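Next comes start_21.cif, with mmCIF, C-alpha atoms.
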data_query
#
loop_
_atom_site.label_atom_id
_atom_site.label_comp_id
_atom_site.auth_asym_id
_atom_site.auth_seq_id
_atom_site.Cartn_x
_atom_site.Cartn_y
_atom_site.Cartn_z
CA MET A 105 -43.90 11.04 -7.71
CA SER A 106 -42.82 11.28 -11.35
CA ASP A 107 -39.42 10.33 -12.70
CA PHE A 108 -37.02 13.26 -12.26
CA VAL A 109 -33.66 11.70 -13.15
CA SER A 110 -33.66 8.97 -15.75
CA LEU A 111 -30.83 6.77 -17.01
CA GLU A 112 -31.81 4.78 -20.07
CA GLY A 113 -29.53 2.03 -21.39
CA LEU A 114 -26.50 3.85 -20.00
CA THR A 115 -23.23 2.27 -21.12
CA LEU A 116 -19.93 3.73 -19.91
CA ALA A 117 -16.43 2.65 -20.82
CA TYR A 118 -12.78 3.40 -20.26
CA GLY A 119 -11.20 2.56 -23.59
CA SER A 120 -12.21 -1.00 -24.41
CA THR A 121 -13.26 -1.78 -20.82
CA ILE A 122 -17.00 -1.56 -20.14
CA ALA A 123 -17.51 -0.06 -16.67
CA VAL A 124 -21.31 0.23 -16.71
CA ASP A 125 -23.43 -1.85 -19.05
CA LYS A 126 -26.92 -0.83 -20.26
CA LEU A 127 -27.99 0.57 -16.89
CA ASN A 128 -31.60 1.69 -16.43
CA LEU A 129 -32.60 3.74 -13.40
CA THR A 130 -35.23 6.33 -12.53
CA ILE A 131 -35.18 8.63 -9.51
CA ALA A 132 -38.14 10.66 -8.29
CA GLN A 133 -38.01 14.33 -7.43
CA GLY A 134 -37.05 14.81 -3.78
CA GLU A 135 -35.62 11.29 -3.37
CA LEU A 136 -32.30 10.52 -1.72
CA VAL A 137 -30.90 7.54 -3.60
CA SER A 138 -27.58 5.87 -2.79
CA LEU A 139 -25.36 4.14 -5.30
CA LEU A 140 -23.75 1.46 -3.14
CA GLY A 141 -21.10 -1.12 -3.85
CA PRO A 142 -17.43 -2.08 -3.62
CA SER A 143 -14.61 -0.42 -5.53
CA GLY A 144 -14.90 -1.04 -9.26
CA CYS A 145 -18.65 -1.73 -9.27
CA GLY A 146 -19.47 1.31 -11.43
CA LYS A 147 -21.10 3.60 -8.86
CA THR A 148 -18.68 6.53 -9.17
CA THR A 149 -18.53 6.12 -12.94
CA THR A 150 -22.33 6.37 -13.06
CA MET A 151 -22.25 9.53 -10.94
CA ARG A 152 -19.56 11.05 -13.18
CA ALA A 153 -21.77 10.46 -16.20
CA ILE A 154 -24.77 12.12 -14.52
CA ALA A 155 -22.50 15.07 -13.64
CA GLY A 156 -21.26 15.35 -17.22
CA LEU A 157 -17.68 14.47 -16.31
CA MET A 158 -17.60 11.59 -18.80
CA SER A 159 -19.52 10.85 -21.98
CA PRO A 160 -21.61 7.68 -22.36
CA ARG A 161 -20.71 5.08 -24.95
CA ALA A 162 -24.48 4.62 -25.35
CA GLY A 163 -27.74 5.53 -23.63
CA ARG A 164 -29.48 8.67 -22.44
CA ILE A 165 -29.57 10.82 -19.30
CA THR A 166 -32.51 13.12 -18.57
CA ILE A 167 -33.02 15.52 -15.67
CA ASP A 168 -36.47 17.02 -15.12
CA GLY A 169 -37.53 15.92 -18.58
CA ARG A 170 -34.53 17.50 -20.35
CA ASP A 171 -32.00 15.39 -22.24
CA VAL A 172 -28.60 16.35 -20.77
CA THR A 173 -26.58 13.45 -22.22
CA ARG A 174 -24.31 15.66 -24.30
CA LEU A 175 -24.44 18.84 -22.21
CA PRO A 176 -21.39 20.07 -20.24
CA PRO A 177 -21.59 20.01 -16.42
CA SER A 178 -22.30 23.75 -16.22
CA LYS A 179 -25.49 23.34 -18.27
CA ARG A 180 -26.98 20.40 -16.31
CA ASP A 181 -28.24 22.26 -13.23
CA ILE A 182 -26.50 19.88 -10.85
CA GLY A 183 -24.44 20.39 -7.70
CA LEU A 184 -21.39 18.38 -6.70
CA VAL A 185 -19.99 17.65 -3.24
CA PHE A 186 -16.71 15.75 -3.28
CA GLN A 187 -14.89 13.57 -0.78
CA SER A 188 -12.04 16.11 -0.64
CA TYR A 189 -14.26 19.20 0.03
CA ALA A 190 -12.44 21.14 -2.76
CA LEU A 191 -12.59 24.46 -0.88
CA PHE A 192 -10.44 27.41 -1.93
CA PRO A 193 -7.90 27.78 0.91
CA HIS A 194 -7.26 31.49 0.22
CA LEU A 195 -10.95 32.42 0.46
CA THR A 196 -13.07 32.80 3.58
CA VAL A 197 -16.04 30.56 4.24
CA TYR A 198 -18.32 33.34 2.96
CA GLU A 199 -16.35 33.75 -0.27
CA ASN A 200 -16.20 30.00 -0.86
CA VAL A 201 -19.98 29.82 -0.69
CA ALA A 202 -20.34 32.97 -2.81
CA PHE A 203 -17.92 31.79 -5.51
CA GLY A 204 -20.42 30.21 -7.91
CA LEU A 205 -22.97 32.94 -7.35
CA ARG A 206 -20.42 35.59 -8.32
CA LEU A 207 -19.66 33.73 -11.56
CA ARG A 208 -23.38 33.85 -12.35
CA SER A 209 -23.66 37.52 -11.30
CA GLU A 210 -26.53 36.58 -9.02
CA SER A 211 -28.68 39.25 -7.50
CA ASP A 212 -29.21 39.16 -3.71
CA LEU A 213 -25.86 37.42 -3.39
CA ASP A 214 -25.36 38.32 0.25
CA ALA A 215 -28.82 37.11 1.26
CA LYS A 216 -28.29 33.81 -0.59
CA VAL A 217 -24.89 33.20 0.98
CA ARG A 218 -26.19 34.00 4.47
CA SER A 219 -29.16 31.72 3.91
CA GLY A 220 -26.88 28.91 2.70
CA LEU A 221 -24.64 29.23 5.74
CA ALA A 222 -27.69 29.24 8.00
CA THR A 223 -28.96 26.05 6.36
CA VAL A 224 -25.80 24.22 7.44
CA GLY A 225 -25.44 26.02 10.77
CA LEU A 226 -22.31 28.01 9.94
CA GLU A 227 -23.51 31.63 10.09
CA ALA A 228 -20.95 32.42 12.79
CA PHE A 229 -18.07 31.07 10.68
CA ALA A 230 -18.46 33.31 7.61
CA ASP A 231 -15.13 35.11 8.11
CA ARG A 232 -13.07 32.01 8.96
CA ALA A 233 -10.54 30.42 6.63
CA PRO A 234 -11.12 26.74 5.71
CA LYS A 235 -7.95 25.73 7.59
CA ASP A 236 -9.54 26.99 10.81
CA LEU A 237 -12.50 24.61 10.49
CA SER A 238 -12.93 20.96 11.44
CA GLY A 239 -13.39 18.35 8.73
CA GLY A 240 -17.13 18.25 9.37
CA GLN A 241 -17.39 22.03 9.14
CA GLN A 242 -15.44 22.07 5.88
CA GLN A 243 -17.79 19.47 4.46
CA ARG A 244 -20.76 21.64 5.46
CA VAL A 245 -19.21 24.62 3.66
CA ALA A 246 -18.92 22.46 0.53
CA LEU A 247 -22.55 21.47 0.95
CA ALA A 248 -23.66 25.10 1.37
CA ARG A 249 -21.67 26.13 -1.72
CA SER A 250 -23.63 23.64 -3.81
CA LEU A 251 -27.01 24.37 -2.22
CA VAL A 252 -26.90 28.13 -2.83
CA MET A 253 -26.75 27.44 -6.56
CA GLN A 254 -30.21 25.82 -6.20
CA PRO A 255 -29.39 22.79 -8.37
CA LYS A 256 -32.09 20.40 -9.42
CA VAL A 257 -29.93 17.43 -8.38
CA LEU A 258 -27.16 17.26 -5.78
CA LEU A 259 -24.49 14.60 -6.35
CA LEU A 260 -22.39 13.54 -3.35
CA ASP A 261 -19.31 11.43 -4.03
CA GLU A 262 -18.16 9.57 -0.88
CA PRO A 263 -18.59 12.85 1.07
CA LEU A 264 -18.13 11.33 4.53
CA SER A 265 -15.21 8.98 3.98
CA ASN A 266 -12.56 11.45 5.19
CA LEU A 267 -14.31 12.06 8.51
CA ASP A 268 -13.86 10.15 11.75
CA ALA A 269 -16.65 7.94 13.07
CA ARG A 270 -18.32 10.60 15.23
CA LEU A 271 -18.22 13.27 12.53
CA ARG A 272 -19.60 10.81 9.97
CA LEU A 273 -22.61 10.24 12.21
CA ASP A 274 -23.09 14.00 12.69
CA MET A 275 -22.87 14.64 8.94
CA ARG A 276 -25.33 11.86 8.19
CA MET A 277 -27.88 13.62 10.37
CA GLU A 278 -26.96 16.96 8.78
CA LEU A 279 -27.53 15.62 5.27
CA GLN A 280 -30.86 14.11 6.27
CA ARG A 281 -31.97 17.41 7.80
CA VAL A 282 -30.89 19.48 4.78
CA GLN A 283 -32.52 17.09 2.34
CA ARG A 284 -35.75 17.08 4.35
CA GLU A 285 -35.86 20.88 4.66
CA THR A 286 -34.90 21.70 1.06
CA GLY A 287 -36.59 18.79 -0.73
CA ILE A 288 -33.65 18.57 -3.14
CA THR A 289 -33.04 15.38 -5.11
CA MET A 290 -29.81 13.77 -3.90
CA ILE A 291 -27.69 10.98 -5.36
CA PHE A 292 -25.21 9.69 -2.79
CA VAL A 293 -22.25 7.50 -3.77
CA THR A 294 -20.78 5.29 -1.04
CA HIS A 295 -19.09 1.95 -0.39
CA ASP A 296 -20.36 2.00 3.22
CA GLN A 297 -23.57 0.00 3.65
CA SER A 298 -24.32 1.58 7.05
CA GLU A 299 -24.32 5.06 5.47
CA ALA A 300 -26.59 3.95 2.65
CA LEU A 301 -28.99 2.18 5.01
CA ALA A 302 -29.16 5.18 7.34
CA LEU A 303 -29.64 7.90 4.72
CA SER A 304 -31.47 6.56 1.71
CA ASP A 305 -35.02 6.43 0.46
CA ARG A 306 -33.80 3.74 -1.95
CA ILE A 307 -30.49 1.96 -2.48
CA VAL A 308 -28.99 0.90 -5.81
CA LEU A 309 -26.61 -1.95 -4.98
CA MET A 310 -24.16 -2.34 -7.85
CA LYS A 311 -21.89 -5.17 -8.94
CA GLY A 312 -19.75 -5.38 -12.05
CA GLY A 313 -21.28 -2.33 -13.74
CA ALA A 314 -24.88 -3.47 -13.28
CA ILE A 315 -27.64 -3.18 -10.68
CA GLU A 316 -27.55 -6.20 -8.39
CA GLN A 317 -30.54 -5.13 -6.30
CA LEU A 318 -32.71 -2.01 -6.04
CA GLY A 319 -34.96 -1.34 -3.08
CA THR A 320 -35.60 0.47 0.16
CA PRO A 321 -33.04 0.13 2.95
CA GLU A 322 -35.41 -2.29 4.69
CA GLU A 323 -35.69 -4.46 1.56
CA ILE A 324 -31.94 -4.53 0.93
CA TYR A 325 -31.16 -5.27 4.59
CA SER A 326 -33.83 -7.88 5.26
CA ALA A 327 -34.34 -9.52 1.86
CA PRO A 328 -31.11 -9.65 -0.18
CA VAL A 329 -31.58 -11.52 -3.43
CA SER A 330 -28.10 -12.98 -3.88
CA GLY A 331 -25.02 -14.12 -2.02
CA PHE A 332 -23.26 -10.91 -3.07
CA ALA A 333 -26.07 -8.73 -1.72
CA ALA A 334 -26.34 -10.76 1.49
CA ASP A 335 -22.62 -10.56 2.17
CA PHE A 336 -22.63 -6.82 1.55
CA VAL A 337 -25.28 -6.18 4.22
CA GLY A 338 -23.84 -8.41 6.92
CA PHE A 339 -25.00 -11.99 6.30
CA GLU A 340 -21.61 -13.56 6.92
CA THR A 341 -22.56 -17.25 6.72
CA ILE A 342 -23.92 -18.18 3.29
CA LEU A 343 -24.53 -21.79 2.22
CA PRO A 344 -26.17 -23.40 -0.81
CA ASP A 345 -29.53 -25.10 -0.40
CA GLU A 346 -31.18 -28.00 -2.18
CA ALA A 347 -33.36 -25.67 -4.30
CA GLY A 348 -30.35 -24.24 -6.13
CA GLY A 349 -30.28 -20.95 -4.25
CA GLY A 350 -28.86 -20.26 -0.85
CA LEU A 351 -29.47 -19.57 2.80
CA ALA A 352 -27.81 -16.75 4.72
CA TRP A 353 -27.40 -16.10 8.42
CA ARG A 354 -26.21 -13.04 10.28
CA PRO A 355 -23.70 -13.80 13.07
CA GLY A 356 -26.35 -13.25 15.73
CA ALA A 357 -28.59 -15.91 14.16
CA VAL A 358 -26.05 -18.70 14.69
CA VAL A 359 -26.73 -20.71 17.87
CA LEU A 360 -23.61 -21.62 19.85
CA GLY A 361 -23.30 -24.43 22.39
CA THR A 362 -25.92 -26.76 20.96
CA GLY A 363 -26.86 -28.24 17.61
CA PRO A 364 -25.88 -30.88 15.05
CA HIS A 365 -22.67 -29.24 13.82
CA GLN A 366 -19.19 -28.98 15.30
CA GLY A 367 -16.80 -26.09 14.83
CA THR A 368 -13.38 -25.04 16.05
CA VAL A 369 -12.73 -21.46 17.11
CA ILE A 370 -10.20 -20.01 14.66
CA GLY A 371 -10.87 -16.33 15.30
CA THR A 372 -12.19 -14.20 18.14
CA ALA A 373 -12.67 -10.47 18.76
CA PHE A 374 -14.13 -8.33 21.52
CA ALA A 375 -16.80 -5.97 20.12
CA GLY A 376 -18.23 -4.15 23.12
CA GLU A 377 -21.53 -5.76 24.03
CA ARG A 378 -20.70 -8.95 22.12
CA ARG A 379 -17.83 -11.20 21.16
CA GLU A 380 -17.34 -12.16 17.56
CA TYR A 381 -16.16 -15.65 16.61
CA VAL A 382 -15.05 -17.42 13.46
CA LEU A 383 -15.53 -21.19 13.49
CA GLY A 384 -13.86 -23.64 11.15
CA SER A 385 -16.24 -26.46 10.29
CA ALA A 386 -17.14 -29.06 7.70
CA LEU A 387 -19.59 -26.49 6.30
CA GLY A 388 -16.86 -23.89 5.88
CA GLN A 389 -16.19 -20.80 7.98
CA ILE A 390 -19.06 -19.79 10.24
CA LYS A 391 -19.31 -16.27 11.73
CA ALA A 392 -21.11 -16.12 15.09
CA ASP A 393 -21.77 -13.62 17.89
CA ALA A 394 -22.26 -14.24 21.60
CA PRO A 395 -23.17 -11.79 24.40
CA VAL A 396 -20.15 -10.48 26.26
CA SER A 397 -21.77 -11.84 29.44
CA ALA A 398 -21.38 -15.43 28.14
CA PRO A 399 -18.19 -17.31 29.05
CA PRO A 400 -15.63 -16.53 26.33
CA LEU A 401 -14.54 -19.23 23.92
CA ARG A 402 -10.84 -19.93 23.53
CA MET A 403 -8.87 -20.23 20.31
CA GLY A 404 -8.81 -23.88 19.26
CA GLU A 405 -11.87 -24.79 21.36
CA THR A 406 -14.44 -27.09 19.77
CA ILE A 407 -18.10 -26.16 20.16
CA ALA A 408 -21.45 -27.36 18.87
CA PHE A 409 -23.52 -24.94 16.79
CA ASP A 410 -26.80 -24.75 14.91
CA LEU A 411 -27.97 -22.83 11.84
CA PRO A 412 -31.76 -22.59 12.36
CA ARG A 413 -33.59 -22.27 9.06
CA GLU A 414 -36.17 -20.00 10.64
CA ARG A 415 -33.39 -17.49 11.31
CA ALA A 416 -32.02 -17.63 7.76
CA VAL A 417 -32.84 -15.53 4.72
CA ARG A 418 -33.58 -17.39 1.49
CA LEU A 419 -31.49 -16.22 -1.47
CA GLU A 420 -32.59 -16.51 -5.09
CA ARG A 421 -28.99 -17.20 -6.14
CA LEU A 422 -25.56 -17.52 -4.57
CA ASN A 423 -23.60 -15.38 -7.07
#
As structure tokens, how would this structure be written, given the file I've shared?
Amino acid sequence: MSDFVSLEGLTLAYGSTIAVDKLNLTIAQGELVSLLGPSGCGKTTTMRAIAGLMSPRAGRITIDGRDVTRLPPSKRDIGLVFQSYALFPHLTVYENVAFGLRLRSESDLDAKVRSGLATVGLEAFADRAPKDLSGGQQQRVALARSLVMQPKVLLLDEPLSNLDARLRLDMRMELQRVQRETGITMIFVTHDQSEALALSDRIVLMKGGAIEQLGTPEEIYSAPVSGFAADFVGFETILPDEAGGGLAWRPGAVVLGTGPHQGTVIGTAFAGERREYVLGSALGQIKADAPVSAPPLRMGETIAFDLPRERAVRLERLN
């Protein structure tokens, strides 16, 4: 697949503060790419620049071969879905979806609105007011409103963060289905690694306004390159090694009850099928899991543990 969205040397700033520094990224047509990272890493700022909501200090943005760096949002052929839904409360579901089409004086407006509602499974809700819908349904209306405009790129800014756990899972599957059926290029901004891992073709993990690691969900999850990346995808015990890099273990890779190290239980939590423990040790804090069927450890209890190298991931660097 050829490059469809391209960011070349993109530098973004708020006054004298550089938020994104010389970022280079290409996205293929039909890809779903997530910009992932903690607050302040530059992911939302990057999305705002692609959308035309802020101007770059330097660099270039192209979409489908067209330089859009200095174009207003309305001329970029992009769709936006926000965390807050941004529906018009005084309009019906039908009229919310039709709003942009009416501004463009689109022909076949009714057919396009009905098709958009069908895409997100809301045909029966056309005459409802937004207040009469669940959060997940409102988010689907926002999605349909963008899709009917047939944008070349759909930008989604933390679209699931206002939903409860069950609705988030449902909307993940909905987004995957819509993306698969329409083939639209999607850029998804999130701080939630589980969302990014579940949805994405590729993940852009950001730190301090730069790309920390770029890869498939499998690559990011199984082969983080740094302590920051490892911590972000659930390697909670990270130690330096003699080669100048580091080793990282997930909690389930730590062996409890045997081994050369001693730790004291300083934290414990029930987590359904497992119990989670925090051990204080000479190596630092160690995060470990044990099956719920195993005898529970008590706060203050001392226990032997092992960090098998064959269960660790080698990190290129700790920072």
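This file, filtered with the PyMOL selection byres ((chain A and resi 369) around 8), gives the residues A:Gly367, A:Thr368, A:Ile370, A:Gly371, A:Thr372, A:Tyr381, A:Val382, A:Leu383, A:Gly384, A:Leu401, A:Arg402, A:Met403, A:Gly404, A:Glu405, A:Thr406, A:Ile407.
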Worksheet entry | Residue contacts of Leu140 in chain A (10 Å, only C-alpha atoms) excluding same-chain residues fewer than 3 positions away, as a VMD selection string | chain A and resid 137 143 145 to 148 292 to 297 299 to 301 307 to 311 315 317 336
Fill in: Nearest to Ala416 in chain A by atom-to-atom distance, counting all atoms listed in the file, from A:Ala248, A:Val224, A:Ile165, A:Leu351
A:Leu351
Counting all atoms listed in the file, what is within 7 Å of Ser110 in chain A, bar same-chain residues fewer than 6 positions away, as a PDB file with C-alpha atoms, in the frame of the given file?
ATOM      1  CA  LEU A 129     -32.600   3.740 -13.400  1.00  0.00           C
ATOM      2  CA  THR A 130     -35.230   6.330 -12.530  1.00  0.00           C
ATOM      3  CA  ILE A 131     -35.180   8.630  -9.510  1.00  0.00           C
ATOM      4  CA  ILE A 165     -29.570  10.820 -19.300  1.00  0.00           C
ATOM      5  CA  THR A 166     -32.510  13.120 -18.570  1.00  0.00           C
ATOM      6  CA  ILE A 167     -33.020  15.520 -15.670  1.00  0.00           C
TER       7      ILE A 167
END
Item to complete: Tell me which protein, DNA and RNA residues are within 12 Å of Gly348 in chain A, counting only C-alpha atoms, leaving out same-chain ones fewer than 6 positions away, and put them as a count of residues only.
Response: 7
Discussion item. What would the selection look like, as JSON, numbers by chain, if the PyMOL selection byres ((chain A and resi 191-204) around 12) were run on the coordinates I just shared?
Written reply: {"A": [178, 183, 184, 185, 186, 187, 188, 189, 190, 205, 206, 207, 208, 209, 210, 211, 212, 213, 214, 215, 216, 217, 218, 219, 220, 221, 222, 224, 226, 227, 228, 229, 230, 231, 232, 233, 234, 235, 236, 237, 239, 241, 242, 243, 244, 245, 246, 247, 248, 249, 250, 251, 252, 253, 254, 255]}
Filtering to C-alpha atoms, could you give me those residues as a PDB file, keeping the file's coordinate frame?
ATOM      1  CA  SER A 178     -22.300  23.750 -16.220  1.00  0.00           C
ATOM      2  CA  GLY A 183     -24.440  20.390  -7.700  1.00  0.00           C
ATOM      3  CA  LEU A 184     -21.390  18.380  -6.700  1.00  0.00           C
ATOM      4  CA  VAL A 185     -19.990  17.650  -3.240  1.00  0.00           C
ATOM      5  CA  PHE A 186     -16.710  15.750  -3.280  1.00  0.00           C
ATOM      6  CA  GLN A 187     -14.890  13.570  -0.780  1.00  0.00           C
ATOM      7  CA  SER A 188     -12.040  16.110  -0.640  1.00  0.00           C
ATOM      8  CA  TYR A 189     -14.260  19.200   0.030  1.00  0.00           C
ATOM      9  CA  ALA A 190     -12.440  21.140  -2.760  1.00  0.00           C
ATOM     10  CA  LEU A 205     -22.970  32.940  -7.350  1.00  0.00           C
ATOM     11  CA  ARG A 206     -20.420  35.590  -8.320  1.00  0.00           C
ATOM     12  CA  LEU A 207     -19.660  33.730 -11.560  1.00  0.00           C
ATOM     13  CA  ARG A 208     -23.380  33.850 -12.350  1.00  0.00           C
ATOM     14  CA  SER A 209     -23.660  37.520 -11.300  1.00  0.00           C
ATOM     15  CA  GLU A 210     -26.530  36.580  -9.020  1.00  0.00           C
ATOM     16  CA  SER A 211     -28.680  39.250  -7.500  1.00  0.00           C
ATOM     17  CA  ASP A 212     -29.210  39.160  -3.710  1.00  0.00           C
ATOM     18  CA  LEU A 213     -25.860  37.420  -3.390  1.00  0.00           C
ATOM     19  CA  ASP A 214     -25.360  38.320   0.250  1.00  0.00           C
ATOM     20  CA  ALA A 215     -28.820  37.110   1.260  1.00  0.00           C
ATOM     21  CA  LYS A 216     -28.290  33.810  -0.590  1.00  0.00           C
ATOM     22  CA  VAL A 217     -24.890  33.200   0.980  1.00  0.00           C
ATOM     23  CA  ARG A 218     -26.190  34.000   4.470  1.00  0.00           C
ATOM     24  CA  SER A 219     -29.160  31.720   3.910  1.00  0.00           C
ATOM     25  CA  GLY A 220     -26.880  28.910   2.700  1.00  0.00           C
ATOM     26  CA  LEU A 221     -24.640  29.230   5.740  1.00  0.00           C
ATOM     27  CA  ALA A 222     -27.690  29.240   8.000  1.00  0.00           C
ATOM     28  CA  VAL A 224     -25.800  24.220   7.440  1.00  0.00           C
ATOM     29  CA  LEU A 226     -22.310  28.010   9.940  1.00  0.00           C
ATOM     30  CA  GLU A 227     -23.510  31.630  10.090  1.00  0.00           C
ATOM     31  CA  ALA A 228     -20.950  32.420  12.790  1.00  0.00           C
ATOM     32  CA  PHE A 229     -18.070  31.070  10.680  1.00  0.00           C
ATOM     33  CA  ALA A 230     -18.460  33.310   7.610  1.00  0.00           C
ATOM     34  CA  ASP A 231     -15.130  35.110   8.110  1.00  0.00           C
ATOM     35  CA  ARG A 232     -13.070  32.010   8.960  1.00  0.00           C
ATOM     36  CA  ALA A 233     -10.540  30.420   6.630  1.00  0.00           C
ATOM     37  CA  PRO A 234     -11.120  26.740   5.710  1.00  0.00           C
ATOM     38  CA  LYS A 235      -7.950  25.730   7.590  1.00  0.00           C
ATOM     39  CA  ASP A 236      -9.540  26.990  10.810  1.00  0.00           C
ATOM     40  CA  LEU A 237     -12.500  24.610  10.490  1.00  0.00           C
ATOM     41  CA  GLY A 239     -13.390  18.350   8.730  1.00  0.00           C
ATOM     42  CA  GLN A 241     -17.390  22.030   9.140  1.00  0.00           C
ATOM     43  CA  GLN A 242     -15.440  22.070   5.880  1.00  0.00           C
ATOM     44  CA  GLN A 243     -17.790  19.470   4.460  1.00  0.00           C
ATOM     45  CA  ARG A 244     -20.760  21.640   5.460  1.00  0.00           C
ATOM     46  CA  VAL A 245     -19.210  24.620   3.660  1.00  0.00           C
ATOM     47  CA  ALA A 246     -18.920  22.460   0.530  1.00  0.00           C
ATOM     48  CA  LEU A 247     -22.550  21.470   0.950  1.00  0.00           C
ATOM     49  CA  ALA A 248     -23.660  25.100   1.370  1.00  0.00           C
ATOM     50  CA  ARG A 249     -21.670  26.130  -1.720  1.00  0.00           C
ATOM     51  CA  SER A 250     -23.630  23.640  -3.810  1.00  0.00           C
ATOM     52  CA  LEU A 251     -27.010  24.370  -2.220  1.00  0.00           C
ATOM     53  CA  VAL A 252     -26.900  28.130  -2.830  1.00  0.00           C
ATOM     54  CA  MET A 253     -26.750  27.440  -6.560  1.00  0.00           C
ATOM     55  CA  GLN A 254     -30.210  25.820  -6.200  1.00  0.00           C
ATOM     56  CA  PRO A 255     -29.390  22.790  -8.370  1.00  0.00           C
TER      57      PRO A 255
END
Discussion item. Let me make sure I understand: among A:Arg170, A:Ala155, A:Gly319, A:Leu303, which one has the smallest atom-to-atom distance to Met275 in chain A if we use only C-alpha atoms?
Written reply: A:Leu303
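Proximity of A:Thr362, A:Ser159, A:Leu139, A:Thr173 to Glu112 in chain A, computed with all atoms listed in the file, is greatest for A:Thr173.
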Worksheet item: Just how far from CA of Arg276 in chain A is CA of Glu340 in chain A, in Å to one decimal?
Response: 25.7 Å
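Closest to Leu259 in chain A among A:Leu387, A:Val109, A:Ile122, A:Val358 is A:Val109, based on only C-alpha atoms.
Coordinates place CA of Phe374 in chain A at a distance of 12.3 Å from CA of Ala392 in chain A.
Residues lying within 9 Å of Gly313 in chain A, counting all atoms listed in the file and ignoring same-chain neighbours fewer than 4 positions away, are A:Thr115, A:Leu116, A:Ile122, A:Ala123, A:Val124, A:Asp125, A:Lys126, A:Leu127, A:Gly144, A:Cys145, A:Gly146, A:Lys147, A:Thr149, A:Thr150.
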